[in-house]
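Dropping work.txt in here (compact mmCIF, C-alpha atoms):
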```txt
# COMPACT_ATOMS: atom_id res chain seq x y z
CA MET V 1 66.59 -57.71 -34.46
CA PHE V 2 65.90 -56.64 -38.02
CA ARG V 3 62.22 -56.03 -37.33
CA ARG V 4 62.99 -54.03 -34.21
CA CYS V 5 65.32 -51.79 -36.14
CA ILE V 6 62.71 -51.08 -38.74
CA ALA V 7 60.13 -50.15 -36.10
CA ARG V 8 62.56 -47.98 -34.08
CA PRO V 9 65.27 -46.57 -36.37
CA SER V 10 66.99 -44.62 -33.61
CA ILE V 11 67.83 -47.80 -31.73
CA CYS V 12 68.94 -49.48 -34.91
CA THR V 13 71.38 -46.67 -35.63
CA ARG V 14 72.97 -46.97 -32.23
CA LEU V 15 73.32 -50.77 -32.51
CA HIS V 16 74.40 -50.93 -36.13
CA PRO V 17 75.93 -47.68 -37.33
CA HIS V 18 77.03 -49.38 -40.56
CA PRO V 19 74.69 -52.15 -41.64
CA PRO V 20 76.59 -55.01 -43.29
CA TRP V 21 74.27 -54.99 -46.30
CA PRO V 22 71.99 -52.54 -48.02
CA LEU V 23 68.38 -52.68 -46.87
CA PRO V 24 65.95 -53.67 -49.60
CA SER V 25 63.72 -50.63 -49.95
CA ALA V 26 61.16 -52.61 -51.86
CA THR V 27 60.77 -54.85 -48.87
CA ILE V 28 60.42 -51.99 -46.30
CA ARG V 29 58.13 -49.59 -48.26
CA PRO V 30 54.93 -51.61 -48.00
CA ARG V 31 55.27 -51.75 -44.21
CA LEU V 32 55.69 -47.92 -43.84
CA GLN V 33 52.97 -46.70 -46.22
CA SER V 34 49.25 -46.74 -45.49
CA THR V 35 47.10 -49.15 -47.40
CA ALA V 36 44.01 -46.78 -47.34
CA PRO V 37 42.88 -45.50 -50.72
CA GLU V 38 44.05 -42.00 -51.61
CA GLN V 39 41.51 -39.21 -50.84
CA LYS V 40 40.78 -36.85 -53.70
CA PRO V 41 39.56 -33.28 -53.14
CA PRO V 42 35.80 -32.93 -53.51
CA THR V 43 34.54 -31.53 -56.75
CA ARG V 44 31.26 -29.68 -57.39
CA GLY V 45 29.30 -28.81 -60.40
CA LYS V 46 29.14 -25.48 -62.10
CA TRP V 47 25.93 -24.31 -60.26
CA GLU V 48 26.45 -26.10 -56.96
CA LYS V 49 26.71 -23.75 -53.87
CA PRO V 50 29.57 -24.27 -51.43
CA PRO V 51 28.59 -25.96 -48.15
CA THR V 52 27.87 -23.47 -45.32
CA SER V 53 27.44 -23.79 -41.53
CA ARG V 54 23.86 -24.28 -40.28
CA LYS V 55 24.41 -22.85 -36.79
CA TRP V 56 22.37 -19.73 -37.64
CA HIS V 57 19.25 -21.90 -37.87
CA LEU V 58 19.78 -22.90 -34.25
CA TYR V 59 20.25 -19.28 -33.18
CA VAL V 60 17.00 -18.23 -34.86
CA VAL V 61 15.04 -21.03 -33.19
CA ILE V 62 16.46 -20.19 -29.76
CA GLY V 63 15.63 -16.49 -30.26
CA LEU V 64 12.04 -17.21 -31.26
CA ILE V 65 11.52 -19.50 -28.27
CA SER V 66 12.97 -16.91 -25.87
CA PHE V 67 10.79 -14.15 -27.30
CA THR V 68 7.64 -16.27 -27.05
CA VAL V 69 8.33 -17.38 -23.48
CA GLY V 70 9.14 -13.81 -22.41
CA SER V 71 5.97 -12.43 -23.98
CA TRP V 72 3.73 -15.00 -22.31
CA TYR V 73 5.46 -14.45 -18.97
CA ARG V 74 4.79 -10.72 -19.18
CA ILE V 75 1.14 -11.25 -20.13
CA LEU V 76 0.26 -14.07 -17.75
CA VAL V 77 2.53 -13.35 -14.79
CA LEU V 78 3.64 -9.72 -14.62
CA ASN V 79 0.34 -8.19 -15.72
CA ASN V 80 -1.83 -10.47 -13.58
CA ARG V 81 0.19 -10.97 -10.42
CA LYS V 82 -1.17 -9.58 -7.17
CA GLU V 83 0.11 -6.30 -5.83
CA ASP V 84 3.15 -6.45 -3.62
CA PRO V 85 2.24 -4.30 -0.59
CA THR V 86 5.77 -4.43 0.82
CA SER V 87 7.66 -2.70 -2.00
CA PHE V 88 7.63 1.04 -2.72
CA LYS V 89 6.79 2.34 -6.19
CA THR V 90 7.64 5.78 -7.55
CA PHE V 91 4.91 8.26 -8.51
CA LYS V 92 4.99 11.79 -9.87
CA LEU V 93 2.99 14.66 -8.37
CA ILE V 94 1.08 16.19 -11.29
CA SER V 95 -1.48 18.49 -9.64
CA LYS V 96 -2.76 20.05 -6.41
CA GLU V 97 -6.38 21.22 -6.25
CA GLU V 98 -7.27 23.36 -3.28
CA VAL V 99 -10.47 22.33 -1.52
CA SER V 100 -10.17 24.70 1.42
CA SER V 101 -7.51 26.83 3.05
CA THR V 102 -6.23 23.75 4.89
CA ALA V 103 -6.88 20.84 2.50
CA SER V 104 -6.06 19.96 -1.11
CA ILE V 105 -6.55 17.08 -3.52
CA PHE V 106 -3.18 15.65 -4.60
CA THR V 107 -3.09 13.82 -7.95
CA ILE V 108 -0.16 11.50 -8.64
CA LYS V 109 0.75 9.33 -11.60
CA PRO V 110 2.98 6.21 -11.72
CA GLN V 111 6.35 6.63 -13.41
CA THR V 112 6.33 3.04 -14.73
CA GLU V 113 3.79 0.98 -16.65
CA ARG V 114 3.13 -1.17 -13.59
CA GLN V 115 -0.01 -0.10 -11.72
CA LEU V 116 0.00 0.10 -7.93
CA VAL V 117 -3.50 -1.37 -7.62
CA SER V 118 -5.86 -3.44 -9.73
CA THR V 119 -9.57 -3.35 -10.41
CA GLU V 120 -10.19 -5.78 -7.55
CA ALA V 121 -8.81 -3.37 -4.95
CA TRP V 122 -11.44 -0.76 -5.83
CA LYS V 123 -14.17 -3.37 -5.42
CA GLN V 124 -12.99 -4.83 -2.09
CA GLY V 125 -14.06 -1.98 0.16
CA ILE V 126 -11.84 0.45 2.08
CA TRP V 127 -8.06 0.37 1.60
CA ASN V 128 -5.09 2.69 1.89
CA VAL V 129 -1.53 3.11 0.71
CA GLU V 130 1.51 4.31 2.63
CA PHE V 131 3.47 7.43 1.71
CA LYS V 132 7.18 7.58 2.57
CA GLN V 133 8.93 10.65 3.91
CA PRO V 134 12.51 10.04 2.68
CA GLN V 135 14.30 12.51 4.97
CA LEU V 136 12.84 11.15 8.21
CA GLN V 137 12.24 7.62 6.86
CA ILE V 138 8.66 7.47 8.14
CA VAL V 139 5.46 6.24 6.48
CA ARG V 140 1.85 7.35 6.89
CA PRO V 141 -1.33 5.77 5.46
CA TYR V 142 -3.61 7.74 3.13
CA THR V 143 -6.87 6.63 1.53
CA PRO V 144 -7.25 7.22 -2.23
CA LEU V 145 -10.39 8.94 -3.44
CA PRO V 146 -12.53 6.80 -5.75
CA PRO V 147 -12.15 7.26 -9.51
CA ALA V 148 -13.75 10.35 -10.93
CA LEU V 149 -16.53 9.94 -13.47
CA ALA V 150 -14.18 10.68 -16.38
CA ASP V 151 -11.78 7.96 -15.24
CA GLU V 152 -14.58 5.41 -14.99
CA LEU V 153 -15.58 6.05 -18.59
CA ASP V 154 -12.05 5.48 -19.88
CA THR V 155 -10.78 2.46 -17.96
CA ASP V 156 -11.57 0.16 -15.05
CA VAL V 157 -8.22 0.92 -13.42
CA PRO V 158 -7.45 4.64 -13.24
CA GLU V 159 -3.83 5.41 -13.98
CA GLU V 160 -3.83 8.35 -11.57
CA LEU V 161 -4.48 8.29 -7.82
CA ARG V 162 -6.05 11.19 -5.90
CA PHE V 163 -5.83 11.94 -2.18
CA LEU V 164 -7.53 14.46 0.09
CA ILE V 165 -4.69 15.65 2.34
CA ARG V 166 -5.05 18.23 5.09
CA LYS V 167 -2.17 20.42 6.18
CA ASP V 168 -1.75 19.73 9.87
CA ALA V 169 -1.74 22.99 11.81
CA ARG V 170 0.37 21.31 14.49
CA GLY V 171 3.15 20.68 12.00
CA GLY V 172 2.68 17.01 11.15
CA GLU V 173 5.83 15.63 9.52
CA MET V 174 4.16 13.86 6.60
CA SER V 175 1.39 16.33 5.75
CA SER V 176 3.79 19.29 5.96
CA TYR V 177 6.29 17.47 3.75
CA LEU V 178 3.65 16.68 1.10
CA HIS V 179 2.26 20.23 1.02
CA ARG V 180 5.79 21.61 0.51
CA LEU V 181 6.45 19.46 -2.55
CA PRO V 182 6.38 21.31 -5.89
CA LEU V 183 4.65 19.87 -8.95
CA GLY V 184 6.78 17.27 -10.72
CA SER V 185 8.22 15.87 -7.48
CA THR V 186 8.52 12.12 -6.98
CA ILE V 187 6.62 10.34 -4.20
CA GLU V 188 7.12 6.76 -3.06
CA LEU V 189 4.09 4.64 -2.20
CA ARG V 190 3.47 1.06 -1.15
CA GLY V 191 0.27 -0.90 -0.73
CA PRO V 192 -2.61 -1.51 -0.94
CA ASN V 193 -3.65 -2.36 2.64
CA ILE V 194 -7.24 -3.50 3.14
CA GLU V 195 -8.94 -1.84 6.15
CA TYR V 196 -12.58 -2.83 5.66
CA PRO V 197 -13.26 -5.86 3.41
CA TYR V 198 -16.79 -5.03 2.30
CA THR V 199 -16.95 -7.69 -0.44
CA ALA V 200 -15.62 -10.36 1.96
CA LEU V 201 -18.53 -9.77 4.34
CA GLY V 202 -20.99 -11.31 1.90
CA LYS V 203 -24.41 -10.10 0.85
CA ASP V 204 -25.83 -9.85 4.38
CA VAL V 205 -24.62 -6.27 4.89
CA LYS V 206 -26.71 -3.93 2.79
CA SER V 207 -27.23 -0.96 5.09
CA VAL V 208 -24.27 1.08 6.32
CA ILE V 209 -24.01 4.20 8.47
CA PHE V 210 -20.68 5.94 7.91
CA ILE V 211 -19.55 8.55 10.45
CA ALA V 212 -16.69 10.61 8.99
CA GLY V 213 -14.58 13.33 10.55
CA GLY V 214 -12.64 15.71 8.29
CA THR V 215 -10.58 13.82 5.71
CA GLY V 216 -12.25 10.64 6.93
CA ILE V 217 -14.74 11.32 4.12
CA ALA V 218 -12.29 9.64 1.69
CA PRO V 219 -12.94 6.11 3.09
CA ALA V 220 -16.69 6.85 2.98
CA MET V 221 -16.42 7.74 -0.71
CA GLN V 222 -14.40 4.58 -1.35
CA LEU V 223 -17.13 2.49 0.28
CA ALA V 224 -19.84 4.25 -1.73
CA HIS V 225 -17.98 3.36 -4.90
CA ALA V 226 -17.56 -0.29 -3.84
CA MET V 227 -21.22 -0.66 -2.81
CA PHE V 228 -22.90 0.71 -5.92
CA ASP V 229 -20.45 0.53 -8.83
CA GLY V 230 -21.56 -1.83 -11.59
CA LEU V 231 -24.99 -2.67 -10.09
CA ASN V 232 -28.31 -2.47 -11.89
CA GLU V 233 -31.23 -0.42 -10.59
CA ARG V 234 -32.84 -3.31 -8.72
CA GLN V 235 -29.60 -4.21 -6.94
CA LYS V 236 -28.97 -0.59 -5.97
CA LYS V 237 -32.39 -0.27 -4.35
CA GLU V 238 -31.55 -3.18 -2.04
CA LYS V 239 -28.75 -1.15 -0.41
CA ALA V 240 -28.51 2.07 1.58
CA LEU V 241 -25.62 4.20 2.77
CA HIS V 242 -26.03 7.17 5.10
CA ILE V 243 -22.98 9.40 5.63
CA LEU V 244 -22.65 11.71 8.64
CA TRP V 245 -19.79 14.10 7.90
CA ALA V 246 -18.38 16.43 10.57
CA ASN V 247 -16.02 19.33 9.79
CA ARG V 248 -14.55 22.21 11.77
CA SER V 249 -15.44 24.89 9.23
CA ARG V 250 -18.00 25.32 6.45
CA GLU V 251 -15.33 25.84 3.78
CA ASP V 252 -14.35 22.18 4.07
CA CYS V 253 -17.82 21.15 2.87
CA ALA V 254 -18.75 24.30 0.94
CA GLY V 255 -21.88 23.81 -1.15
CA GLY V 256 -23.07 20.73 0.73
CA GLY V 257 -26.56 20.46 2.16
CA SER V 258 -28.05 17.75 4.38
CA ASP V 259 -30.60 15.49 2.73
CA GLY V 260 -30.80 12.86 5.48
CA PRO V 261 -31.69 13.36 9.13
CA ALA V 262 -31.22 17.04 9.91
CA ALA V 263 -27.99 18.04 11.62
CA ALA V 264 -28.96 18.48 15.26
CA THR V 265 -27.40 21.18 17.40
CA HIS V 266 -25.28 20.30 20.37
CA THR V 267 -27.52 22.20 22.81
CA THR V 268 -31.09 21.09 23.35
CA PRO V 269 -33.81 23.66 22.75
CA LYS V 270 -35.20 25.32 25.85
CA ALA V 271 -38.75 24.63 26.91
CA ALA V 272 -41.28 27.16 25.71
CA SER V 273 -42.14 29.80 28.29
CA ASN V 274 -45.74 30.44 29.28
CA SER V 275 -45.20 34.18 29.27
CA TRP V 276 -44.29 36.05 26.09
CA SER V 277 -42.55 39.40 25.86
CA TRP V 278 -41.59 41.72 23.06
CA THR V 279 -37.94 40.89 23.75
CA SER V 280 -38.44 37.17 23.27
CA ILE V 281 -40.50 37.72 20.11
CA LEU V 282 -37.85 40.01 18.59
CA SER V 283 -35.11 37.52 19.49
CA LEU V 284 -37.06 34.74 17.82
CA LEU V 285 -37.62 36.80 14.66
CA ALA V 286 -33.92 37.72 14.53
CA LYS V 287 -32.95 34.07 14.86
CA ILE V 288 -35.31 33.07 12.04
CA ALA V 289 -33.88 35.82 9.82
CA ASN V 290 -30.30 34.76 10.50
CA ASP V 291 -31.09 31.11 9.81
CA THR V 292 -32.79 32.06 6.54
CA VAL V 293 -29.79 34.11 5.40
CA ALA V 294 -27.45 31.23 6.30
CA GLU V 295 -29.52 28.76 4.27
CA VAL V 296 -29.54 31.09 1.26
CA GLU V 297 -25.77 31.50 1.47
CA LYS V 298 -25.31 27.70 1.53
CA VAL V 299 -27.35 27.32 -1.67
CA GLN V 300 -25.41 30.04 -3.48
CA VAL V 301 -21.98 28.65 -2.59
CA GLN V 302 -20.33 26.72 -5.42
CA PRO V 303 -19.68 23.09 -4.38
CA ASN V 304 -16.00 22.27 -3.96
CA ALA V 305 -14.40 19.23 -5.60
CA ILE V 306 -15.30 16.83 -2.76
CA ILE V 307 -18.95 17.91 -2.62
CA TYR V 308 -19.15 17.66 -6.40
CA GLN V 309 -17.95 14.06 -6.36
CA LEU V 310 -20.21 13.19 -3.40
CA ASN V 311 -23.19 14.44 -5.40
CA SER V 312 -21.98 12.42 -8.36
CA LEU V 313 -21.78 9.26 -6.25
CA LYS V 314 -25.25 9.99 -4.91
CA SER V 315 -26.73 10.24 -8.41
CA GLN V 316 -24.98 7.05 -9.54
CA SER V 317 -26.46 5.16 -6.57
CA SER V 318 -30.05 6.00 -7.57
CA GLU V 319 -30.33 8.24 -4.51
CA ARG V 320 -29.54 5.35 -2.14
CA ILE V 321 -26.78 7.50 -0.58
CA SER V 322 -27.89 10.19 1.87
CA LEU V 323 -25.70 12.87 3.42
CA SER V 324 -25.82 14.89 6.64
CA TYR V 325 -23.35 17.69 7.33
CA PHE V 326 -22.16 18.89 10.74
CA VAL V 327 -19.96 21.96 11.23
CA ASP V 328 -18.31 22.95 14.50
CA GLU V 329 -18.38 26.70 13.78
CA GLU V 330 -22.14 26.42 13.18
CA LYS V 331 -22.52 24.55 16.49
CA THR V 332 -23.86 21.38 14.89
CA TYR V 333 -22.37 18.14 16.20
CA ILE V 334 -22.82 14.38 16.04
CA HIS V 335 -24.21 13.04 19.34
CA THR V 336 -26.31 10.14 20.59
CA GLY V 337 -29.59 11.56 19.26
CA THR V 338 -28.07 11.92 15.79
CA ILE V 339 -26.94 8.29 15.75
CA GLU V 340 -30.34 7.08 16.97
CA ASP V 341 -32.10 8.99 14.18
CA ALA V 342 -29.69 7.57 11.58
CA LEU V 343 -30.26 4.01 12.81
CA SER V 344 -34.03 4.43 12.69
CA SER V 345 -34.07 5.95 9.22
CA ILE V 346 -31.75 3.46 7.57
CA LYS V 347 -33.51 0.47 9.12
CA ALA V 348 -36.87 1.72 7.87
CA ALA V 349 -35.43 2.38 4.42
CA THR V 350 -33.92 -1.07 3.87
CA GLY V 351 -35.88 -3.40 6.13
CA GLN V 352 -32.63 -5.16 7.01
CA GLU V 353 -31.87 -6.43 10.48
CA LYS V 354 -28.10 -6.42 10.07
CA THR V 355 -26.42 -3.00 9.81
CA GLN V 356 -22.81 -1.89 9.74
CA ILE V 357 -21.56 1.32 11.36
CA ILE V 358 -18.16 2.53 10.18
CA ILE V 359 -16.30 5.45 11.72
CA SER V 360 -13.25 7.18 10.27
CA GLY V 361 -11.37 10.32 11.20
CA PRO V 362 -8.75 11.67 13.62
CA PRO V 363 -7.94 9.50 16.67
CA GLY V 364 -9.79 11.84 19.05
CA PHE V 365 -12.89 11.73 16.87
CA ILE V 366 -12.91 7.93 16.81
CA THR V 367 -12.29 7.70 20.55
CA TYR V 368 -15.15 10.05 21.36
CA LEU V 369 -17.68 8.12 19.28
CA ALA V 370 -16.48 4.49 19.41
CA GLY V 371 -13.57 4.17 21.84
CA PRO V 372 -9.87 4.10 20.95
CA LYS V 373 -8.06 1.59 18.79
CA VAL V 374 -5.40 -0.53 20.51
CA TRP V 375 -1.94 -1.76 19.58
CA GLN V 376 -1.45 -5.51 19.89
CA ASP V 377 1.37 -7.68 18.53
CA GLY V 378 2.81 -4.69 16.69
CA LYS V 379 -0.46 -3.98 14.84
CA GLU V 380 -3.28 -1.50 15.32
CA LYS V 381 -6.52 -3.33 16.07
CA GLN V 382 -10.15 -2.43 16.69
CA GLY V 383 -10.22 -2.54 20.47
CA PRO V 384 -13.40 -2.69 22.58
CA LEU V 385 -16.42 -0.62 21.60
CA GLY V 386 -16.94 2.52 23.67
CA GLY V 387 -17.99 6.14 23.39
CA ARG V 388 -21.38 7.34 22.14
CA LEU V 389 -21.93 4.31 19.90
CA ALA V 390 -21.66 1.92 22.85
CA GLN V 391 -24.27 3.98 24.70
CA VAL V 392 -26.72 3.98 21.78
CA LEU V 393 -26.36 0.32 20.85
CA GLY V 394 -26.45 -0.78 24.49
CA LYS V 395 -29.56 1.28 25.14
CA GLU V 396 -31.42 -0.16 22.18
CA GLY V 397 -30.05 -3.68 22.55
CA ARG V 398 -28.73 -3.71 18.99
CA ASP V 399 -26.49 -6.77 19.04
CA ASP V 400 -26.96 -7.17 15.29
CA VAL V 401 -24.98 -3.99 14.51
CA LYS V 402 -21.26 -4.35 13.82
CA VAL V 403 -18.99 -1.33 14.35
CA TRP V 404 -15.73 -0.84 12.42
CA LYS V 405 -13.03 1.74 13.15
CA VAL V 406 -10.92 2.64 10.11
```
If you took the structure in this file and wrote it as structure tokens, what would it be?
Amino acid sequence: MFRRCIARPSICTRLHPHPPWPLPSATIRPRLQSTAPEQKPPTRGKWEKPPTSRKWHLYVVIGLISFTVGSWYRILVLNNRKEDPTSFKTFKLISKEEVSSTASIFTIKPQTERQLVSTEAWKQGIWNVEFKQPQLQIVRPYTPLPPALADELDTDVPEELRFLIRKDARGGEMSSYLHRLPLGSTIELRGPNIEYPYTALGKDVKSVIFIAGGTGIAPAMQLAHAMFDGLNERQKKEKALHILWANRSREDCAGGGSDGPAAATHTTPKAASNSWSWTSILSLLAKIANDTVAEVEKVQVQPNAIIYQLNSLKSQSSERISLSYFVDEEKTYIHTGTIEDALSSIKAATGQEKTQIIISGPPGFITYLAGPKVWQDGKEKQGPLGGRLAQVLGKEGRDDVKVWKV
């Protein structure tokens, strides 16, 4: 009972309010006090620094590791990842250069450091990007023009993108919207979308005939850049590109002159008559005079921006690019005889058996020459070959020629 009272004094008080004898304090003290040695406060010398927390070392190490990992992620992942063709990126409209009364070259610049396309896209062949019309929520594809000579000297990937855009006289939603935009406006783009994978076709294709209608010259210029950029003189001579470009008016190709097969007229010349008259002779002289004046006027016209770059591409290709111009108002058109002449000339120039024919332009232009494209599984596809190209290739039995509609 005595031990229990010592351990629990409250119980002891209730059981024995007045203990019969005084408790020997000397006996209890050793059981209540700790037997551990007494701790003295630490002492330090005169020059000894007080102990501090070392957590800041951990924070510094963590910060350095995070910075290093973030830097390598930006270099190896963000700067080298493939383009995301499904997301829109914001560009700024910085200039409009008028080519004709109905077409202009739009120059846009990205508003972020991230480029829309890489060097590989320019080398792949023909590709486009999609512009978004925010009010109507529609998108339309446009083909960028190849880098200008100044851009090529500065960097492999031009920061700016340029587009040849025609103002649709019928009031097209996208073209009208773009032509209304003032300088400094923002434009949303997504892409790129490959239309003609020239590099994926291998080295077998070295001769190409490109038939372009209107702004369809932009894909032809893209292909010219992909075919000849970065090649030496020997490699350039192994290839050939002949461009047939049709326009409605001369101002669209002002300053351009044919240096390939001559642009043939739509009507065939009449057979020479056995009898001559002063009227026929005067008519012939007048026609010769008018044709001479027209040729002189063509030479004196200053080349517009598109013709200037076409001539630049021609010089960079060691003259392996040839051009033929066709103008509706001058009654010169592309027909079966024109295509036959182009096939004969490019085959003789390269000696290759395999030739590609690419056609680009408005839907009616493509349908007339190669048959319409078709929609299948929600996508626009090539469709069967038809039109004038089917007639020419079928007549000559040219199974080795592949036709692409872009």
With distances taken over all atoms listed in the file, which residue among V:Ala246, V:Met221, V:Ile138, V:Met174 lies nearest Asp328 in chain V? V:Ala246
Name the residues in contact with Ala370 in chain V at a cut-off of 9 Å, using all atoms listed in the file, excluding same-chain residues fewer than 6 positions from it; report them as a PDB file with C-alpha atoms, keeping the file's coordinate frame.
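The new file out22.pdb reads:
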```
ATOM      1  CA  ILE V 359     -16.300   5.450  11.720  1.00  0.00           C
ATOM      2  CA  PRO V 384     -13.400  -2.690  22.580  1.00  0.00           C
ATOM      3  CA  LEU V 385     -16.420  -0.620  21.600  1.00  0.00           C
ATOM      4  CA  GLY V 386     -16.940   2.520  23.670  1.00  0.00           C
ATOM      5  CA  GLY V 387     -17.990   6.140  23.390  1.00  0.00           C
ATOM      6  CA  ARG V 388     -21.380   7.340  22.140  1.00  0.00           C
ATOM      7  CA  LEU V 389     -21.930   4.310  19.900  1.00  0.00           C
ATOM      8  CA  ALA V 390     -21.660   1.920  22.850  1.00  0.00           C
ATOM      9  CA  VAL V 403     -18.990  -1.330  14.350  1.00  0.00           C
ATOM     10  CA  TRP V 404     -15.730  -0.840  12.420  1.00  0.00           C
ATOM     11  CA  LYS V 405     -13.030   1.740  13.150  1.00  0.00           C
TER      12      LYS V 405
END
```
Which one is closest to Glu238 in chain V: V:Asp168, V:Glu380, V:Asp204, V:Asp259? Count only C-alpha atoms.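 That would be V:Asp204, the residue with the smallest distance to Glu238 in chain V.
The space separating CA of Asp399 in chain V from CA of Thr355 in chain V comes to 10.0 Å.
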For CA of Glu159 in chain V and CA of Ser104 in chain V, determine how far apart the two atoms are, in Å to one decimal place.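 So the answer is 19.6 Å.
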Measure the distance from CA of Val401 in chain V to CA of Gly230 in chain V in Å and round it to one decimal. 26.4 Å
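For the set V:Arg166, V:Ser185, V:Tyr368, V:Ser312, the residue with the smallest atom-to-atom gap to Glu97 in chain V is V:Arg166, counting all atoms listed in the file.
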Restricting the calculation to only C-alpha atoms: of V:Gln391, V:Ser87, V:Leu323, V:Ile187, which residue gets closest to Ile209 in chain V?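 Under the stated criterion, the closest residue is V:Leu323.
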Tell me which of V:Leu343, V:Leu223, V:Arg320, V:Gly213 sits closest to Thr367 in chain V, counting only C-alpha atoms.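 So, comparing all the options, the nearest one is V:Gly213.
Proximity of V:Glu195, V:Glu319, V:Glu330, V:Asp252 to Ala224 in chain V, computed with all atoms listed in the file, is greatest for V:Glu319.
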I'd like the neighbourhood of Glu130 in chain V as an MDAnalysis selection string, where a residue qualifies if any of its atoms comes within 10 Å (using only C-alpha atoms), though same-chain residues fewer than 2 positions away should be ignored. chainID V and resid 85:86 88 128 132:133 138:143 188:193
Can you find the residues with an atom no farther than 12 Å from (-28.7, 7.3, -5.3), counting all atoms listed in the file, and report them as a PyMOL selection string? chain V and resi 224-225+227-229+231-242+259+310-323
Env of Ala220 in chain V: 9 Å cut, atoms = only C-alpha atoms, seq-sep filter 2 positions within chain, self excluded. Answer as a PyMOL selection string. chain V and resi 126+210-212+216-218+222-225+243+358-360
